[in-house]
$ cat work04.cif   # mmCIF, C-alpha atoms
data_work
#
loop_
_atom_site.group_PDB
_atom_site.id
_atom_site.type_symbol
_atom_site.label_atom_id
_atom_site.label_comp_id
_atom_site.auth_asym_id
_atom_site.auth_seq_id
_atom_site.Cartn_x
_atom_site.Cartn_y
_atom_site.Cartn_z
ATOM 1 C CA MET A 19 0.000 0.000 0.000
ATOM 2 C CA GLN A 20 2.834 2.344 0.878
ATOM 3 C CA GLN A 21 4.460 1.699 -2.496
ATOM 4 C CA SER A 22 1.203 2.518 -4.274
ATOM 5 C CA ASP A 23 0.897 5.790 -2.350
ATOM 6 C CA SER A 24 4.504 6.599 -3.200
ATOM 7 C CA GLN A 25 3.921 5.947 -6.893
ATOM 8 C CA ALA A 26 0.797 8.097 -6.848
ATOM 9 C CA ALA A 27 2.714 10.951 -5.244
ATOM 10 C CA TYR A 28 5.490 10.577 -7.818
ATOM 11 C CA PHE A 29 2.959 10.685 -10.660
ATOM 12 C CA ARG A 30 1.271 13.806 -9.285
ATOM 13 C CA LYS A 31 4.637 15.540 -8.984
ATOM 14 C CA LEU A 32 5.590 14.648 -12.559
ATOM 15 C CA GLN A 33 2.194 15.674 -13.917
ATOM 16 C CA LYS A 34 2.419 18.994 -12.087
ATOM 17 C CA LYS A 35 5.876 19.588 -13.595
ATOM 18 C CA LEU A 36 4.659 18.894 -17.135
ATOM 19 C CA ARG A 37 1.549 20.997 -16.627
ATOM 20 C CA ARG A 38 3.690 23.891 -15.392
ATOM 21 C CA GLN A 39 6.154 23.635 -18.293
ATOM 22 C CA VAL A 40 3.385 23.466 -20.887
ATOM 23 C CA SER A 41 1.606 26.414 -19.240
ATOM 24 C CA TRP A 42 4.784 28.489 -19.376
ATOM 25 C CA ALA A 43 5.366 27.658 -23.046
ATOM 26 C CA ILE A 44 1.779 28.610 -23.889
ATOM 27 C CA ARG A 45 2.166 31.865 -21.953
ATOM 28 C CA ASP A 46 5.615 32.791 -23.269
ATOM 29 C CA PHE A 47 4.646 32.364 -26.922
ATOM 30 C CA ASN A 48 0.929 33.190 -26.694
ATOM 31 C CA MET A 49 0.104 29.778 -28.143
ATOM 32 C CA ILE A 50 -3.558 29.464 -27.134
ATOM 33 C CA GLU A 51 -6.073 32.303 -26.900
ATOM 34 C CA ASP A 52 -9.644 32.606 -25.764
ATOM 35 C CA GLY A 53 -12.014 30.972 -28.247
ATOM 36 C CA ASP A 54 -9.350 28.875 -30.001
ATOM 37 C CA VAL A 55 -10.112 25.494 -31.505
ATOM 38 C CA VAL A 56 -6.901 23.510 -31.039
ATOM 39 C CA MET A 57 -6.377 20.557 -33.363
ATOM 40 C CA VAL A 58 -4.017 18.149 -31.609
ATOM 41 C CA CYS A 59 -2.228 15.870 -34.059
ATOM 42 C CA VAL A 60 -2.133 12.404 -32.492
ATOM 43 C CA SER A 61 0.106 9.742 -33.986
ATOM 44 C CA GLY A 62 -0.146 7.082 -31.296
ATOM 45 C CA GLY A 63 3.317 7.858 -29.943
ATOM 46 C CA LYS A 64 4.264 8.879 -26.409
ATOM 47 C CA ASP A 65 4.722 12.551 -27.314
ATOM 48 C CA SER A 66 1.318 13.198 -28.865
ATOM 49 C CA TYR A 67 -0.481 11.175 -26.165
ATOM 50 C CA THR A 68 1.230 13.269 -23.493
ATOM 51 C CA LEU A 69 0.473 16.515 -25.324
ATOM 52 C CA LEU A 70 -3.204 15.658 -25.639
ATOM 53 C CA ASP A 71 -3.454 14.566 -22.007
ATOM 54 C CA ILE A 72 -1.812 17.696 -20.590
ATOM 55 C CA LEU A 73 -3.792 20.061 -22.835
ATOM 56 C CA LEU A 74 -7.050 18.414 -21.757
ATOM 57 C CA LEU A 75 -5.973 18.866 -18.147
ATOM 58 C CA LEU A 76 -5.163 22.538 -18.725
ATOM 59 C CA LYS A 77 -8.456 23.082 -20.543
ATOM 60 C CA ARG A 78 -10.312 22.217 -17.347
ATOM 61 C CA ILE A 79 -8.408 24.729 -15.208
ATOM 62 C CA ALA A 80 -7.418 27.470 -17.679
ATOM 63 C CA PRO A 81 -8.758 31.006 -17.151
ATOM 64 C CA ILE A 82 -9.693 31.114 -20.858
ATOM 65 C CA SER A 83 -12.079 28.985 -22.905
ATOM 66 C CA PHE A 84 -10.804 26.885 -25.784
ATOM 67 C CA ASP A 85 -11.757 23.613 -27.450
ATOM 68 C CA ILE A 86 -9.656 20.566 -28.318
ATOM 69 C CA VAL A 87 -10.120 18.054 -31.100
ATOM 70 C CA ALA A 88 -7.757 15.142 -31.729
ATOM 71 C CA VAL A 89 -6.890 14.226 -35.316
ATOM 72 C CA ASN A 90 -5.026 11.173 -36.541
ATOM 73 C CA LEU A 91 -3.940 10.415 -40.098
ATOM 74 C CA ASP A 92 -4.055 6.688 -40.879
ATOM 75 C CA GLN A 93 -1.466 6.452 -43.662
ATOM 76 C CA LYS A 94 -2.205 2.794 -44.361
ATOM 77 C CA GLN A 95 1.165 1.344 -43.442
ATOM 78 C CA PRO A 96 1.155 -2.441 -43.497
ATOM 79 C CA GLY A 97 0.347 -3.837 -40.059
ATOM 80 C CA TYR A 98 -0.955 -0.563 -38.665
ATOM 81 C CA PRO A 99 -3.304 -1.346 -35.728
ATOM 82 C CA GLU A 100 -6.078 0.972 -36.873
ATOM 83 C CA GLU A 101 -8.378 0.186 -33.940
ATOM 84 C CA VAL A 102 -5.977 1.310 -31.177
ATOM 85 C CA LEU A 103 -6.391 5.085 -31.396
ATOM 86 C CA PRO A 104 -10.172 5.203 -31.998
ATOM 87 C CA ASN A 105 -10.684 2.835 -29.069
ATOM 88 C CA TYR A 106 -8.541 4.977 -26.762
ATOM 89 C CA LEU A 107 -10.106 8.279 -27.846
ATOM 90 C CA ASN A 108 -13.633 6.884 -27.493
ATOM 91 C CA GLU A 109 -12.869 5.445 -24.049
ATOM 92 C CA GLN A 110 -11.571 8.844 -22.934
ATOM 93 C CA GLY A 111 -14.541 10.670 -24.462
ATOM 94 C CA ILE A 112 -12.287 12.815 -26.654
ATOM 95 C CA ALA A 113 -13.750 14.422 -29.794
ATOM 96 C CA HIS A 114 -11.673 13.230 -32.725
ATOM 97 C CA TYR A 115 -11.304 12.531 -36.425
ATOM 98 C CA ILE A 116 -9.457 9.630 -38.045
ATOM 99 C CA LEU A 117 -8.352 10.569 -41.553
ATOM 100 C CA GLU A 118 -7.622 7.657 -43.887
ATOM 101 C CA LYS A 119 -5.221 8.246 -46.769
ATOM 102 C CA ASP A 120 -2.792 5.844 -48.399
ATOM 103 C CA THR A 121 0.305 8.030 -48.356
ATOM 104 C CA TYR A 122 2.421 4.955 -47.624
ATOM 105 C CA SER A 123 2.148 3.761 -51.245
ATOM 106 C CA ILE A 124 3.074 7.239 -52.486
ATOM 107 C CA VAL A 125 6.155 7.371 -50.259
ATOM 108 C CA LYS A 126 7.243 3.901 -51.371
ATOM 109 C CA SER A 127 6.930 4.934 -55.022
ATOM 110 C CA VAL A 128 8.907 8.195 -54.780
ATOM 111 C CA VAL A 129 11.670 7.318 -52.272
ATOM 112 C CA PRO A 130 14.592 5.322 -53.760
ATOM 113 C CA GLU A 131 15.324 1.911 -52.274
ATOM 114 C CA GLY A 132 17.585 2.172 -49.240
ATOM 115 C CA LYS A 133 16.677 5.806 -48.466
ATOM 116 C CA THR A 134 14.679 6.802 -45.400
ATOM 117 C CA TYR A 135 10.968 7.495 -45.725
ATOM 118 C CA CYS A 136 10.603 9.919 -42.835
ATOM 119 C CA SER A 137 11.032 13.206 -44.719
ATOM 120 C CA ALA A 138 8.636 12.407 -47.563
ATOM 121 C CA CYS A 139 6.157 10.800 -45.182
ATOM 122 C CA SER A 140 6.223 13.866 -42.934
ATOM 123 C CA ARG A 141 5.632 16.296 -45.820
ATOM 124 C CA LEU A 142 2.634 14.347 -47.084
ATOM 125 C CA ARG A 143 1.212 14.068 -43.578
ATOM 126 C CA ARG A 144 1.663 17.796 -42.931
ATOM 127 C CA GLY A 145 -0.078 18.747 -46.159
ATOM 128 C CA SER A 146 -3.117 16.637 -45.352
ATOM 129 C CA LEU A 147 -3.357 17.829 -41.734
ATOM 130 C CA TYR A 148 -2.881 21.515 -42.601
ATOM 131 C CA GLY A 149 -5.659 21.374 -45.163
ATOM 132 C CA PHE A 150 -7.983 19.558 -42.772
ATOM 133 C CA ALA A 151 -7.377 22.111 -40.008
ATOM 134 C CA LYS A 152 -8.601 24.867 -42.303
ATOM 135 C CA GLN A 153 -11.509 22.695 -43.458
ATOM 136 C CA ILE A 154 -12.886 22.220 -39.924
ATOM 137 C CA GLY A 155 -12.019 25.722 -38.749
ATOM 138 C CA ALA A 156 -9.306 24.804 -36.255
ATOM 139 C CA THR A 157 -7.391 27.956 -35.310
ATOM 140 C CA LYS A 158 -4.237 26.258 -33.984
ATOM 141 C CA ILE A 159 -2.468 23.001 -34.856
ATOM 142 C CA ALA A 160 -0.698 21.477 -31.849
ATOM 143 C CA LEU A 161 2.270 19.195 -32.519
ATOM 144 C CA GLY A 162 3.984 16.932 -29.994
ATOM 145 C CA HIS A 163 7.597 18.014 -30.526
ATOM 146 C CA HIS A 164 9.449 18.492 -27.238
ATOM 147 C CA ARG A 165 12.632 20.240 -26.147
ATOM 148 C CA ASP A 166 14.895 17.369 -27.226
ATOM 149 C CA ASP A 167 13.299 17.310 -30.703
ATOM 150 C CA MET A 168 14.081 20.999 -31.041
ATOM 151 C CA LEU A 169 17.685 20.444 -29.968
ATOM 152 C CA ALA A 170 18.104 17.502 -32.345
ATOM 153 C CA THR A 171 16.741 19.564 -35.244
ATOM 154 C CA PHE A 172 19.123 22.374 -34.351
ATOM 155 C CA PHE A 173 22.136 20.052 -34.574
ATOM 156 C CA LEU A 174 20.857 18.351 -37.722
ATOM 157 C CA ASN A 175 20.723 21.737 -39.434
ATOM 158 C CA LEU A 176 24.079 22.720 -37.941
ATOM 159 C CA PHE A 177 25.905 19.531 -38.967
ATOM 160 C CA HIS A 178 24.135 18.725 -42.240
ATOM 161 C CA GLY A 179 22.115 21.747 -43.350
ATOM 162 C CA GLY A 180 24.537 24.623 -42.934
ATOM 163 C CA ALA A 181 21.964 26.680 -41.024
ATOM 164 C CA LEU A 182 21.332 27.805 -37.464
ATOM 165 C CA LYS A 183 17.666 26.911 -37.185
ATOM 166 C CA SER A 184 15.400 24.520 -35.354
ATOM 167 C CA MET A 185 11.700 23.919 -34.672
ATOM 168 C CA PRO A 186 10.182 27.128 -33.299
ATOM 169 C CA PRO A 187 7.626 26.870 -30.489
ATOM 170 C CA LYS A 188 5.150 28.753 -32.680
ATOM 171 C CA LEU A 189 5.117 28.975 -36.465
ATOM 172 C CA LEU A 190 2.979 30.508 -39.190
ATOM 173 C CA SER A 191 2.816 28.148 -42.171
ATOM 174 C CA ASP A 192 4.394 29.345 -45.426
ATOM 175 C CA ASP A 193 0.979 29.946 -47.000
ATOM 176 C CA LYS A 194 -0.108 31.812 -43.833
ATOM 177 C CA GLN A 195 -3.181 29.575 -43.546
ATOM 178 C CA ASN A 196 -2.266 27.808 -40.306
ATOM 179 C CA LEU A 197 -0.623 28.540 -36.954
ATOM 180 C CA LEU A 198 1.435 25.661 -35.539
ATOM 181 C CA ILE A 199 2.195 25.428 -31.833
ATOM 182 C CA ARG A 200 4.495 23.139 -29.861
ATOM 183 C CA PRO A 201 3.300 23.288 -26.232
ATOM 184 C CA LEU A 202 5.885 20.663 -25.156
ATOM 185 C CA ALA A 203 8.735 23.009 -26.118
ATOM 186 C CA TYR A 204 10.049 23.192 -22.539
ATOM 187 C CA VAL A 205 9.500 19.499 -21.733
ATOM 188 C CA GLU A 206 12.356 16.959 -21.664
ATOM 189 C CA GLU A 207 11.867 13.668 -23.489
ATOM 190 C CA LYS A 208 12.836 11.581 -20.463
ATOM 191 C CA ASP A 209 9.921 13.088 -18.527
ATOM 192 C CA ILE A 210 7.542 12.259 -21.380
ATOM 193 C CA ILE A 211 8.807 8.675 -21.463
ATOM 194 C CA GLU A 212 8.134 8.330 -17.745
ATOM 195 C CA TYR A 213 4.738 10.011 -17.957
ATOM 196 C CA ALA A 214 3.630 7.755 -20.828
ATOM 197 C CA ARG A 215 4.768 4.700 -18.855
ATOM 198 C CA LEU A 216 2.808 5.711 -15.782
ATOM 199 C CA LYS A 217 -0.294 6.577 -17.799
ATOM 200 C CA GLU A 218 0.010 3.302 -19.753
ATOM 201 C CA PHE A 219 -0.824 4.899 -23.083
ATOM 202 C CA PRO A 220 -1.479 2.349 -25.895
ATOM 203 C CA ILE A 221 1.682 3.221 -27.843
ATOM 204 C CA ILE A 222 1.792 2.522 -31.581
ATOM 205 C CA PRO A 223 5.490 2.183 -32.519
ATOM 206 C CA CYS A 224 6.766 4.031 -35.584
ATOM 207 C CA ASN A 225 8.495 1.017 -37.135
ATOM 208 C CA LEU A 226 5.869 0.158 -39.698
ATOM 209 C CA CYS A 227 7.779 1.339 -42.741
ATOM 210 C CA GLY A 228 10.477 -1.324 -42.569
ATOM 211 C CA SER A 229 14.018 -1.057 -41.287
ATOM 212 C CA GLN A 230 15.273 2.539 -41.383
ATOM 213 C CA THR A 231 18.869 2.276 -40.257
ATOM 214 C CA ASN A 232 21.511 5.014 -40.067
ATOM 215 C CA LEU A 233 19.008 7.818 -39.589
ATOM 216 C CA GLN A 234 20.941 11.012 -38.905
ATOM 217 C CA ARG A 235 18.328 12.098 -36.372
ATOM 218 C CA ALA A 236 18.816 8.859 -34.438
ATOM 219 C CA ILE A 237 22.557 9.490 -34.367
ATOM 220 C CA ILE A 238 21.992 13.029 -33.082
ATOM 221 C CA ASN A 239 19.555 11.771 -30.437
ATOM 222 C CA ASP A 240 22.142 9.272 -29.207
ATOM 223 C CA MET A 241 24.676 12.097 -28.964
ATOM 224 C CA LEU A 242 22.265 14.240 -26.942
ATOM 225 C CA ARG A 243 21.492 11.367 -24.576
ATOM 226 C CA GLU A 244 25.194 10.776 -23.984
ATOM 227 C CA TRP A 245 25.678 14.474 -23.249
ATOM 228 C CA ASP A 246 22.724 14.503 -20.875
ATOM 229 C CA ASN A 247 24.081 11.515 -18.958
ATOM 230 C CA ALA A 248 27.614 12.892 -18.707
ATOM 231 C CA HIS A 249 26.767 16.596 -18.316
ATOM 232 C CA PRO A 250 23.203 17.009 -16.978
ATOM 233 C CA GLN A 251 23.054 20.795 -17.531
ATOM 234 C CA ARG A 252 24.481 20.852 -21.057
ATOM 235 C CA LEU A 253 21.192 20.427 -22.940
ATOM 236 C CA ALA A 254 19.521 23.037 -20.740
ATOM 237 C CA SER A 255 22.324 25.453 -21.551
ATOM 238 C CA ILE A 256 22.063 24.790 -25.302
ATOM 239 C CA PHE A 257 18.298 25.293 -25.229
ATOM 240 C CA LYS A 258 18.758 28.541 -23.310
ATOM 241 C CA ALA A 259 21.224 29.652 -26.002
ATOM 242 C CA MET A 260 18.506 29.110 -28.627
ATOM 243 C CA GLN A 261 16.423 31.664 -26.696
ATOM 244 C CA ASN A 262 19.274 34.146 -26.312
ATOM 245 C CA VAL A 263 20.569 34.810 -29.820
ATOM 246 C CA ALA A 264 23.082 37.612 -30.444
ATOM 247 C CA PRO A 265 23.097 38.331 -34.218
ATOM 248 C CA SER A 266 26.056 40.721 -33.919
ATOM 249 C CA GLN A 267 28.171 37.823 -32.601
ATOM 250 C CA LEU A 268 27.440 35.527 -35.552
ATOM 251 C CA ALA A 269 27.989 36.063 -39.284
ATOM 252 C CA ASP A 270 24.565 36.411 -40.904
ATOM 253 C CA ARG A 271 24.640 39.625 -42.963
ATOM 254 C CA GLU A 272 20.855 39.550 -43.277
ATOM 255 C CA LEU A 273 20.344 39.688 -39.521
ATOM 256 C CA PHE A 274 23.036 42.228 -38.716
ATOM 257 C CA ASP A 275 24.438 45.109 -40.782
ATOM 258 C CA PHE A 276 28.176 44.461 -40.558
ATOM 259 C CA GLU A 277 28.965 46.691 -43.565
ATOM 260 C CA ARG A 278 27.860 49.900 -41.866
ATOM 261 C CA LEU A 279 29.712 49.351 -38.592
ATOM 262 C CA SER A 280 31.869 52.418 -37.874
ATOM 263 C CA LEU A 281 33.903 53.903 -35.054
ATOM 264 C CA GLU A 282 32.373 56.360 -32.621
ATOM 265 C CA ARG A 283 35.460 57.258 -30.610
ATOM 266 C CA ASP A 284 35.512 60.089 -28.088
ATOM 267 C CA ASP A 285 38.482 62.288 -27.128
ATOM 268 C CA ASN A 286 39.280 60.456 -23.907
ATOM 269 C CA GLU A 287 42.774 58.985 -24.044
ATOM 270 C CA ARG A 288 43.232 55.445 -22.749
ATOM 271 C CA LEU A 289 46.870 54.670 -22.036
ATOM 272 C CA PHE A 290 48.336 51.189 -22.082
ATOM 273 C CA GLU A 291 48.617 49.833 -18.532
ATOM 274 C CA GLY A 292 52.037 48.230 -18.244
ATOM 275 C CA ASP A 293 55.735 48.689 -17.622
ATOM 276 C CA ASN A 294 57.111 49.582 -21.034
ATOM 277 C CA ILE A 295 56.428 49.709 -24.784
ATOM 278 C CA GLN A 296 59.179 48.810 -27.252
ATOM 279 C CA ALA A 297 58.802 50.501 -30.615
ATOM 280 C CA GLY A 298 60.574 48.997 -33.634
ATOM 281 C CA GLN A 299 61.248 50.424 -37.096
ATOM 282 C CA THR A 300 60.557 53.928 -35.812
ATOM 283 C CA ASP A 301 61.106 55.533 -39.231
ATOM 284 C CA SER A 302 58.265 53.444 -40.630
ATOM 285 C CA LEU A 303 56.050 54.295 -37.657
ATOM 286 C CA THR A 304 56.735 58.002 -38.230
ATOM 287 C CA GLU A 305 55.975 57.611 -41.923
ATOM 288 C CA ILE A 306 52.628 56.034 -41.064
ATOM 289 C CA GLY A 307 51.963 58.819 -38.573
ATOM 290 C CA LEU A 308 52.055 56.662 -35.455
ATOM 291 C CA PRO A 309 53.844 57.614 -32.206
ATOM 292 C CA VAL A 310 57.363 56.247 -31.688
ATOM 293 C CA ALA A 311 57.146 56.516 -27.887
ATOM 294 C CA PRO A 312 53.566 55.847 -26.738
ATOM 295 C CA LYS A 313 52.862 56.751 -23.130
ATOM 296 C CA THR A 314 52.154 54.135 -20.488
ATOM 297 C CA GLN A 315 50.482 54.186 -17.103
ATOM 298 C CA THR A 316 51.164 52.076 -14.033
ATOM 299 C CA PHE A 317 49.599 48.647 -14.029
ATOM 300 C CA ASN A 318 47.933 47.817 -10.700
ATOM 301 C CA PRO A 319 46.891 44.131 -10.466
ATOM 302 C CA LYS A 320 44.522 44.967 -7.610
ATOM 303 C CA PHE A 321 42.494 47.362 -9.737
ATOM 304 C CA ALA A 322 42.653 45.032 -12.738
ATOM 305 C CA LYS A 323 41.159 42.193 -10.688
ATOM 306 C CA GLN A 324 38.372 44.489 -9.457
ATOM 307 C CA ALA A 325 37.630 45.571 -13.040
ATOM 308 C CA VAL A 326 37.284 41.944 -14.117
ATOM 309 C CA ILE A 327 34.839 41.247 -11.278
ATOM 310 C CA GLU A 328 32.752 44.299 -12.152
ATOM 311 C CA THR A 329 32.735 43.371 -15.848
ATOM 312 C CA ASP A 330 31.627 39.804 -15.125
ATOM 313 C CA THR A 331 28.852 41.064 -12.830
ATOM 314 C CA THR A 332 27.629 43.500 -15.457
ATOM 315 C CA LEU A 333 27.570 40.824 -18.140
ATOM 316 C CA SER A 334 25.749 38.319 -15.958
ATOM 317 C CA GLN A 335 23.079 40.887 -15.172
ATOM 318 C CA LYS A 336 22.461 41.460 -18.867
ATOM 319 C CA ILE A 337 21.678 37.819 -19.626
ATOM 320 C CA PRO A 338 17.896 37.366 -19.390
ATOM 321 C CA THR A 339 16.426 34.319 -17.693
ATOM 322 C CA ILE A 340 13.820 33.469 -20.322
ATOM 323 C CA ASN A 341 12.870 30.017 -19.126
ATOM 324 C CA PRO A 342 13.051 29.509 -15.335
ATOM 325 C CA VAL A 343 12.214 25.804 -15.746
ATOM 326 C CA ILE A 344 15.364 25.101 -17.689
#
$ encode --input "work04.cif" --output "structure tokens"
Amino acid sequence: MQQSDSQAAYFRKLQKKLRRQVSWAIRDFNMIEDGDVVMVCVSGGKDSYTLLDILLLLKRIAPISFDIVAVNLDQKQPGYPEEVLPNYLNEQGIAHYILEKDTYSIVKSVVPEGKTYCSACSRLRRGSLYGFAKQIGATKIALGHHRDDMLATFFLNLFHGGALKSMPPKLLSDDKQNLLIRPLAYVEEKDIIEYARLKEFPIIPCNLCGSQTNLQRAIINDMLREWDNAHPQRLASIFKAMQNVAPSQLADRELFDFERLSLERDDNERLFEGDNIQAGQTDSLTEIGLPVAPKTQTFNPKFAKQAVIETDTTLSQKIPTINPVI
């Protein structure tokens, strides 16, 4: 009995953590507004089950009114257990649609043998779901990507795409017809795994398309897991960096105008702090118009140390704490 009580307490603590993180993501990015109809894309995986469960929980306690509808796209993969999701959604009393479309055959016909299906499959699925959201009047499309998905996408683009970009928590589709939200943006995958285990969701594994070995995303995910095990705060720091971008410290000429940078010096003279300055090839210095005997001022290690401390304090105060959870 004591063990059962302990497990129940552990579950409540984990659920509260996820609810808090999802609430903060919704608040920080204004993901859900009063009167929204949120279409939650449910695949049968741990992430989308968790997303749906937490959003339904928040719907009951939120200070605003919004509706939730679950939507699944049955892509007709061989062996797909098509009864699992409808049974679960009906048992939970969740309004839902199951869309049936044989995109599997299309993917098989366009992707060369030996290549991975995920990219083509995802594009076809997105197109169908985006169109359906507009058809039923859903104002937001909620996807189950979590913090670790966003980090993995960042490194995939960094290592293989030559771009500093990831999955944003909120995105307007290219045709401006749909708003995508990722309420699990602050949630760690390991917490989702544990939550799905405790809730005993009827997971449908994504291994229906045959063996897909050597996926770059899988390699990146393994790397992130190793980092998390060896350096528990590293992923949190990387995610914080994605929220604290300094364009002037990178090299994107579209984001920052490097060409027009110019000096704005004042008349205050700042002498070199040290013991001596040796000038060589003084004739050449004179020809250039530079001093042959620059002045120096006394170097005081005590003051230098104090200056470093003050500089560090100033810098630390300028760094915003965007996500207290992380």
$ axis_aligned_box --input "work04.cif" --around "range 91-105 of chain A" --padding-each-side "5 Å" --output "lines of an AutoDock Vina configuration file"
center_x = -4.8
center_y = 3.3
center_z = -36.7
size_x = 21.8
size_y = 24.3
size_z = 25.3
$ closest_residue --input "work04.cif" --among "A:Leu303, A:Leu91, A:Leu279, A:Ile222" --to "Tyr148 in chain A" --atoms "all atoms listed in the file"
A:Leu91
$ closest_residue --input "work04.cif" --among "A:Cys59, A:Leu253, A:Ala43, A:Val102" --to "Arg143 in chain A" --atoms "all atoms listed in the file"
A:Cys59
$ closest_residue --input "work04.cif" --among "A:Ala297, A:Ile306, A:Leu182, A:Leu202" --to "Leu268 in chain A" --atoms "all atoms listed in the file"
A:Leu182
$ residues_near_point --input "work04.cif" --point "(54.1, 46.9, -18.3)" --cutoff "9 Å" --atoms "all atoms listed in the file" --output "PyMOL selection string"
chain A and resi 290-295+314-317
$ residues_around --input "work04.cif" --residues "range 76-78 of chain A" --least-positions-apart "4" --cutoff "10 Å" --atoms "all atoms listed in the file" --output "number ranges by chain"
A: 37-38, 40-41, 70-72, 82-86
$ write_last_selection --input "work04.cif" --atoms "C-alpha atoms" --output "PDB file, keeping the file's coordinate frame"
ATOM      1  CA  ARG A  37       1.549  20.997 -16.627  1.00  0.00           C
ATOM      2  CA  ARG A  38       3.690  23.891 -15.392  1.00  0.00           C
ATOM      3  CA  VAL A  40       3.385  23.466 -20.887  1.00  0.00           C
ATOM      4  CA  SER A  41       1.606  26.414 -19.240  1.00  0.00           C
ATOM      5  CA  LEU A  70      -3.204  15.658 -25.639  1.00  0.00           C
ATOM      6  CA  ASP A  71      -3.454  14.566 -22.007  1.00  0.00           C
ATOM      7  CA  ILE A  72      -1.812  17.696 -20.590  1.00  0.00           C
ATOM      8  CA  ILE A  82      -9.693  31.114 -20.858  1.00  0.00           C
ATOM      9  CA  SER A  83     -12.079  28.985 -22.905  1.00  0.00           C
ATOM     10  CA  PHE A  84     -10.804  26.885 -25.784  1.00  0.00           C
ATOM     11  CA  ASP A  85     -11.757  23.613 -27.450  1.00  0.00           C
ATOM     12  CA  ILE A  86      -9.656  20.566 -28.318  1.00  0.00           C
TER      13      ILE A  86
END
$ residues_around --input "work04.cif" --residues "Tyr213 in chain A" --least-positions-apart "5" --cutoff "9 Å" --atoms "only C-alpha atoms" --output "PyMOL selection string"
chain A and resi 29+32-33+36+64+68+208+218
$ atom_distance --input "work04.cif" --atom1 "CA of Arg271 in chain A" --atom2 "CA of Arg235 in chain A"
29.0 Å
$ resolve_selection --input "work04.cif" --expression "the PyMOL selection byres ((chain A and resi 113) around 9)" --output "list of chain:residue names"
A:Ile86, A:Val87, A:Ala88, A:Val89, A:Leu107, A:Asn108, A:Gly111, A:Ile112, A:His114, A:Tyr115
$ write_last_selection --input "work04.cif" --atoms "C-alpha atoms" --output "PDB file, keeping the file's coordinate frame"
ATOM      1  CA  ILE A  86      -9.656  20.566 -28.318  1.00  0.00           C
ATOM      2  CA  VAL A  87     -10.120  18.054 -31.100  1.00  0.00           C
ATOM      3  CA  ALA A  88      -7.757  15.142 -31.729  1.00  0.00           C
ATOM      4  CA  VAL A  89      -6.890  14.226 -35.316  1.00  0.00           C
ATOM      5  CA  LEU A 107     -10.106   8.279 -27.846  1.00  0.00           C
ATOM      6  CA  ASN A 108     -13.633   6.884 -27.493  1.00  0.00           C
ATOM      7  CA  GLY A 111     -14.541  10.670 -24.462  1.00  0.00           C
ATOM      8  CA  ILE A 112     -12.287  12.815 -26.654  1.00  0.00           C
ATOM      9  CA  HIS A 114     -11.673  13.230 -32.725  1.00  0.00           C
ATOM     10  CA  TYR A 115     -11.304  12.531 -36.425  1.00  0.00           C
TER      11      TYR A 115
END
$ closest_residue --input "work04.cif" --among "A:Glu207, A:Asp120, A:Asp192, A:Asp246" --to "His163 in chain A" --atoms "only C-alpha atoms"
A:Glu207
